[in-house]
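Q: Below are the structure tokens for one structure; questions will follow.
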Amino acid sequence: MAHLPLTSKDYILKNVVTEPLLNNCPKCKDYVIEALHMYLLKSNEIITMPHSIRTKPKPDGPHKVILVVGGRSNEDNLILDSTEWYDPKLNRWQFGPKMITPRYGGGLAVVKDNIVLYYMGAHNYKLSQFVHELDFSSEPSNWKPTTNMLVNREHLGVGVINNYIYAVGGFDIYRWPLKSAEVFDCRTQKWRMVSSMSTRRSVVGIGVLNNLLYAVGGFDGEQCLNSVECYHPGLDKWTSVSEMCARRSNAGVGVLDGVLYSVGGENLSECLKSVEAYKPSTGVWSSIPDMHLRRCGAGVAVLNGLLYVVGGWDGTSYLDSVEYYNPNTNTWTMITASMNVTRSLAGVVVIERPRHSKKRNQSGFSFLIEYIDIYSIISFCTIVSLLFFYLFSSF
């Protein structure tokens with residue numbers, strides 16, 4: 001009975017409250033009431049109650065969400081300064097802190113235990129050297145300028161290895177693809193150049209696998225590329241790896257379970273919905289099932305064992321839809337919750353859910369129901385009824 005509050009409310013409702021021996025024991029009733037009381041109060045840290053050995057919950061893992069930053073939208077080719085994140089637990093999108101200036105075509109990186117963001121580069125040469133930072137550990141969480149890159153970069157690729165941020169390729173101010181790369185040390189807040197790639201690449205996809213940086217496809221000024229090269233930070237050296245099955249620029253790239261995925265993109269004649277995967281152990285790219293929609297300039301994020309593909313351009317319009325790939329079933333699934341805004345060429349990363357967002361612009365009652373689904377509402381009402389029954393039957 002001492003650890004009753006740590007069991008599920010379903011078990012309490014189905015087994016404990018119907019047990020005659022417990023109903024005839026006043027001390028046991030106190031434990032049951034305490035457990036039910038905890039479930040009434042337990043709603044996303046709405047109310048702080050003293051923890052006893054019975055009510056102290058076991059620590060949960062980080063509550064992670066998918067953050068989407070900036071991008072381009074359907075309405076008059078609008079460039080966005082808005083951000084929003086998707087919470088798979090709620091299947092819901094929520095707006096986040098606005099950017100300093102509207103931007104798309106830059107790179108987004110997350111460091112320091114998924115709470116500090118850096119957005120660098122842009123579609124516009126006036127902004128293409130700027131870097132902005134967002135620290136979710138502070139309140140309020142606002143974007144602020146930080147150390148600029150050494151090189152102007154539009155439509156670059158970005159990757160993170162051990163809190164070092166790599167900015168790779170992109171267009172220069174004359175719209176010519178770059179082969180150069182640079183790295184930002186989050187500790188010293190300084191950029192430095194690293195070895196250049198063998199090939200010029202703008203709108204290049206970047207993935208990090210086994211502490212190596214992969215530059216996937218892109219555009220060299222004349223054609224879309226199917227070539228891929230890999231950077232080893234310890235050697236400061238780029239090495240070519242196997243070519244993709246298809247030429248892709250503006251592809252989304254993600255890493256899941258030791259596999260590098262190249263998703264959608266374009267080949268100068270059409271947007272693609274095909275996807276391929278690369279395993280370093282075999283050194284070969286192989287095709288996997290197509291996405292439901294064609295997506296060029298989509299963002300990719302990995303969360304809870306799934307590969308999410310967010311927004312993009314289908315050749316006709318910008319998209320607000322999201323789908324995910326499950327490697328266990330080898331299938332794609334559309335999620336029912338669309339973004340609040342259509343977006344292509346947005347920055348997409350996984351972060352820990354911002355703590356302060358839970359308390360912003362919400363009433364106490366909305367806190368109470370935020371994490372409650374239909375079944376939980378029924379259980380909640382049942383708990384209330386049982387709590388009153390136990391309280392009054394104790395007299």
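Naming scheme: A, B, ... for chains in displayed order of the structure tokens; residues 1 onward per chain; ligands 1 onward as shown.
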For Leu306 (chain A), find every residue with an atom within 7 Å (counting only C-alpha atoms), except residues of its own chain fewer than 2 positions away, and show them as a list in words.
A: Val302, Leu303, Asn304, Tyr308, Tyr324, Tyr325 and Asn326 of chain A
Q: Include C-alpha atoms and write out the residues we just selected as a compact mmCIF listing (two decimals), in the first residue's frame.
A:
```
# COMPACT_ATOMS: atom_id res chain seq x y z
CA VAL A 302 13.81 11.76 -35.55
CA LEU A 303 11.69 11.19 -32.44
CA ASN A 304 10.58 8.06 -30.56
CA TYR A 308 9.26 12.63 -39.32
CA TYR A 324 6.53 9.69 -40.53
CA TYR A 325 8.39 6.53 -41.46
CA ASN A 326 8.42 3.52 -39.13
```
Q: If you count only C-alpha atoms, which residues fall within 10 Å of region 170-178 of chain A, apart from same-chain ones fewer than 4 positions away, as a PyMOL selection string?
A: chain A and resi 105-107+121-126+128-129+151-158+196-197+199-204+218-222
Q: Put those residues in a file: N, CA and C atoms, as a tab-separated table (two decimals), in the first residue's frame.
A:
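Contents of result-v3.tsv, freshly written:
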```tsv
chain	number	residue	atom	x	y	z
A	105	GLY	N	15.64	29.11	-45.62
A	105	GLY	CA	16.84	28.71	-46.34
A	105	GLY	C	18.10	28.74	-45.51
A	106	GLY	N	17.96	28.92	-44.20
A	106	GLY	CA	19.11	28.86	-43.32
A	106	GLY	C	19.25	27.47	-42.72
A	107	GLY	N	20.09	27.36	-41.71
A	107	GLY	CA	20.29	26.09	-41.04
A	107	GLY	C	19.98	26.21	-39.56
A	121	GLY	N	22.58	31.66	-41.39
A	121	GLY	CA	22.38	31.79	-42.81
A	121	GLY	C	20.95	32.18	-43.14
A	122	ALA	N	20.64	32.36	-44.43
A	122	ALA	CA	19.31	32.77	-44.85
A	122	ALA	C	19.23	32.77	-46.36
A	123	HIS	N	18.04	33.12	-46.85
A	123	HIS	CA	17.80	33.23	-48.28
A	123	HIS	C	18.38	34.53	-48.84
A	124	ASN	N	18.69	35.47	-47.98
A	124	ASN	CA	19.02	36.84	-48.37
A	124	ASN	C	20.46	37.13	-47.98
A	125	TYR	N	21.27	37.65	-48.93
A	125	TYR	CA	22.69	37.88	-48.63
A	125	TYR	C	22.88	38.85	-47.46
A	126	LYS	N	21.89	39.72	-47.21
A	126	LYS	CA	22.00	40.66	-46.10
A	126	LYS	C	21.94	39.94	-44.75
A	128	SER	N	22.72	36.44	-44.60
A	128	SER	CA	23.28	35.11	-44.77
A	128	SER	C	24.52	34.83	-43.93
A	129	GLN	N	25.04	35.84	-43.22
A	129	GLN	CA	26.17	35.61	-42.32
A	129	GLN	C	25.73	35.64	-40.86
A	151	VAL	N	31.66	33.23	-43.29
A	151	VAL	CA	31.31	33.27	-44.71
A	151	VAL	C	29.80	33.46	-44.86
A	152	ASN	N	29.40	34.32	-45.82
A	152	ASN	CA	27.98	34.43	-46.15
A	152	ASN	C	27.49	33.14	-46.79
A	153	ARG	N	26.41	32.59	-46.27
A	153	ARG	CA	25.90	31.32	-46.78
A	153	ARG	C	24.37	31.36	-46.87
A	154	GLU	N	23.84	31.11	-48.06
A	154	GLU	CA	22.41	30.92	-48.26
A	154	GLU	C	22.16	29.46	-48.59
A	155	HIS	N	21.08	28.91	-48.09
A	155	HIS	CA	20.70	27.52	-48.38
A	155	HIS	C	21.85	26.57	-48.08
A	156	LEU	N	22.37	26.67	-46.89
A	156	LEU	CA	23.49	25.84	-46.44
A	156	LEU	C	22.97	24.57	-45.75
A	157	GLY	N	23.90	23.69	-45.41
A	157	GLY	CA	23.60	22.53	-44.59
A	157	GLY	C	24.24	22.69	-43.22
A	158	VAL	N	23.59	22.16	-42.20
A	158	VAL	CA	24.07	22.32	-40.81
A	158	VAL	C	24.00	20.97	-40.09
A	196	SER	N	37.61	22.09	-46.97
A	196	SER	CA	36.51	22.21	-47.92
A	196	SER	C	36.13	20.86	-48.50
A	197	MET	N	34.90	20.75	-48.93
A	197	MET	CA	34.44	19.55	-49.63
A	197	MET	C	35.11	19.45	-50.99
A	199	THR	N	33.37	18.92	-53.66
A	199	THR	CA	32.37	19.38	-54.62
A	199	THR	C	31.61	20.58	-54.06
A	200	ARG	N	31.31	21.53	-54.92
A	200	ARG	CA	30.44	22.64	-54.51
A	200	ARG	C	29.03	22.10	-54.27
A	201	ARG	N	28.42	22.53	-53.16
A	201	ARG	CA	27.08	22.04	-52.83
A	201	ARG	C	26.26	23.13	-52.15
A	202	SER	N	25.19	23.54	-52.81
A	202	SER	CA	24.17	24.35	-52.14
A	202	SER	C	22.94	23.46	-51.94
A	203	VAL	N	21.98	23.95	-51.15
A	203	VAL	CA	20.79	23.16	-50.76
A	203	VAL	C	21.17	21.70	-50.51
A	204	VAL	N	22.21	21.52	-49.70
A	204	VAL	CA	22.76	20.21	-49.40
A	204	VAL	C	22.15	19.67	-48.11
A	218	GLY	N	22.69	17.80	-53.25
A	218	GLY	CA	22.80	19.24	-53.38
A	218	GLY	C	22.85	19.67	-54.84
A	219	PHE	N	23.23	20.92	-55.06
A	219	PHE	CA	23.29	21.52	-56.39
A	219	PHE	C	24.65	22.18	-56.57
A	220	ASP	N	25.34	21.89	-57.68
A	220	ASP	CA	26.70	22.39	-57.87
A	220	ASP	C	26.77	23.60	-58.80
A	221	GLY	N	25.63	24.15	-59.17
A	221	GLY	CA	25.58	25.28	-60.08
A	221	GLY	C	25.15	24.88	-61.47
A	222	GLU	N	25.22	23.59	-61.78
A	222	GLU	CA	24.82	23.10	-63.09
A	222	GLU	C	23.81	21.96	-63.00
```
Q: For a test of reading the model, state the distance in Å between CA of Trp143 (chain A) and CA of Val116 (chain A), rounded to one decimal.
A: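 If I compute the distance from CA of Trp143 (chain A) to CA of Val116 (chain A), I get 10.3 Å.
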Q: Could you give me, as JSON, numbers by chain, the residues within 10 Å of Glu182 (chain A), counting only C-alpha atoms and dropping anything in the same chain fewer than 5 positions from it?
A: {"A": [149, 150, 151, 158, 165, 166, 167, 168, 169, 191, 192, 193, 194, 195, 196]}
Q: Using only C-alpha atoms, determine which residues lie at most 9 Å from Lys64 (chain A), disregarding the query and same-chain residues fewer than 3 positions distant; provide the list as a list in words.
A: Gly61, Asp87, Pro88, Asn114, Leu303, Asn304, Val350, Ile351, Glu352, Arg353 and Pro354 of chain A
Q: Output the selection as a short mmCIF file (atom, residue, chain, number, x, y, z; two decimals), in the first residue's frame - N, CA and C atoms for each residue.
A:
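Final output, saved to out-v2.cif:
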```
data_model
loop_
_atom_site.label_atom_id
_atom_site.label_comp_id
_atom_site.auth_asym_id
_atom_site.auth_seq_id
_atom_site.Cartn_x
_atom_site.Cartn_y
_atom_site.Cartn_z
N GLY A 61 11.35 10.13 -18.66
CA GLY A 61 12.33 10.58 -19.61
C GLY A 61 11.98 11.97 -20.11
N ASP A 87 3.89 18.25 -30.55
CA ASP A 87 3.99 17.34 -29.42
C ASP A 87 3.27 16.04 -29.77
N PRO A 88 4.02 14.94 -29.99
CA PRO A 88 3.37 13.69 -30.35
C PRO A 88 2.42 13.16 -29.28
N ASN A 114 19.70 19.86 -25.82
CA ASN A 114 18.44 20.15 -26.51
C ASN A 114 17.70 21.37 -25.98
N LEU A 303 12.25 11.16 -33.79
CA LEU A 303 11.69 11.19 -32.44
C LEU A 303 10.96 9.88 -32.17
N ASN A 304 11.26 9.28 -31.01
CA ASN A 304 10.58 8.06 -30.56
C ASN A 304 10.64 6.94 -31.60
N VAL A 350 14.64 18.43 -33.08
CA VAL A 350 13.96 17.89 -31.89
C VAL A 350 14.56 18.56 -30.66
N ILE A 351 13.70 19.03 -29.76
CA ILE A 351 14.15 19.68 -28.53
C ILE A 351 13.34 19.12 -27.35
N GLU A 352 13.80 19.39 -26.15
CA GLU A 352 12.96 19.12 -24.99
C GLU A 352 11.87 20.18 -24.94
N ARG A 353 10.67 19.75 -24.60
CA ARG A 353 9.55 20.69 -24.56
C ARG A 353 9.88 21.85 -23.64
N PRO A 354 9.77 23.10 -24.13
CA PRO A 354 10.09 24.26 -23.29
C PRO A 354 9.24 24.28 -22.02
#
```
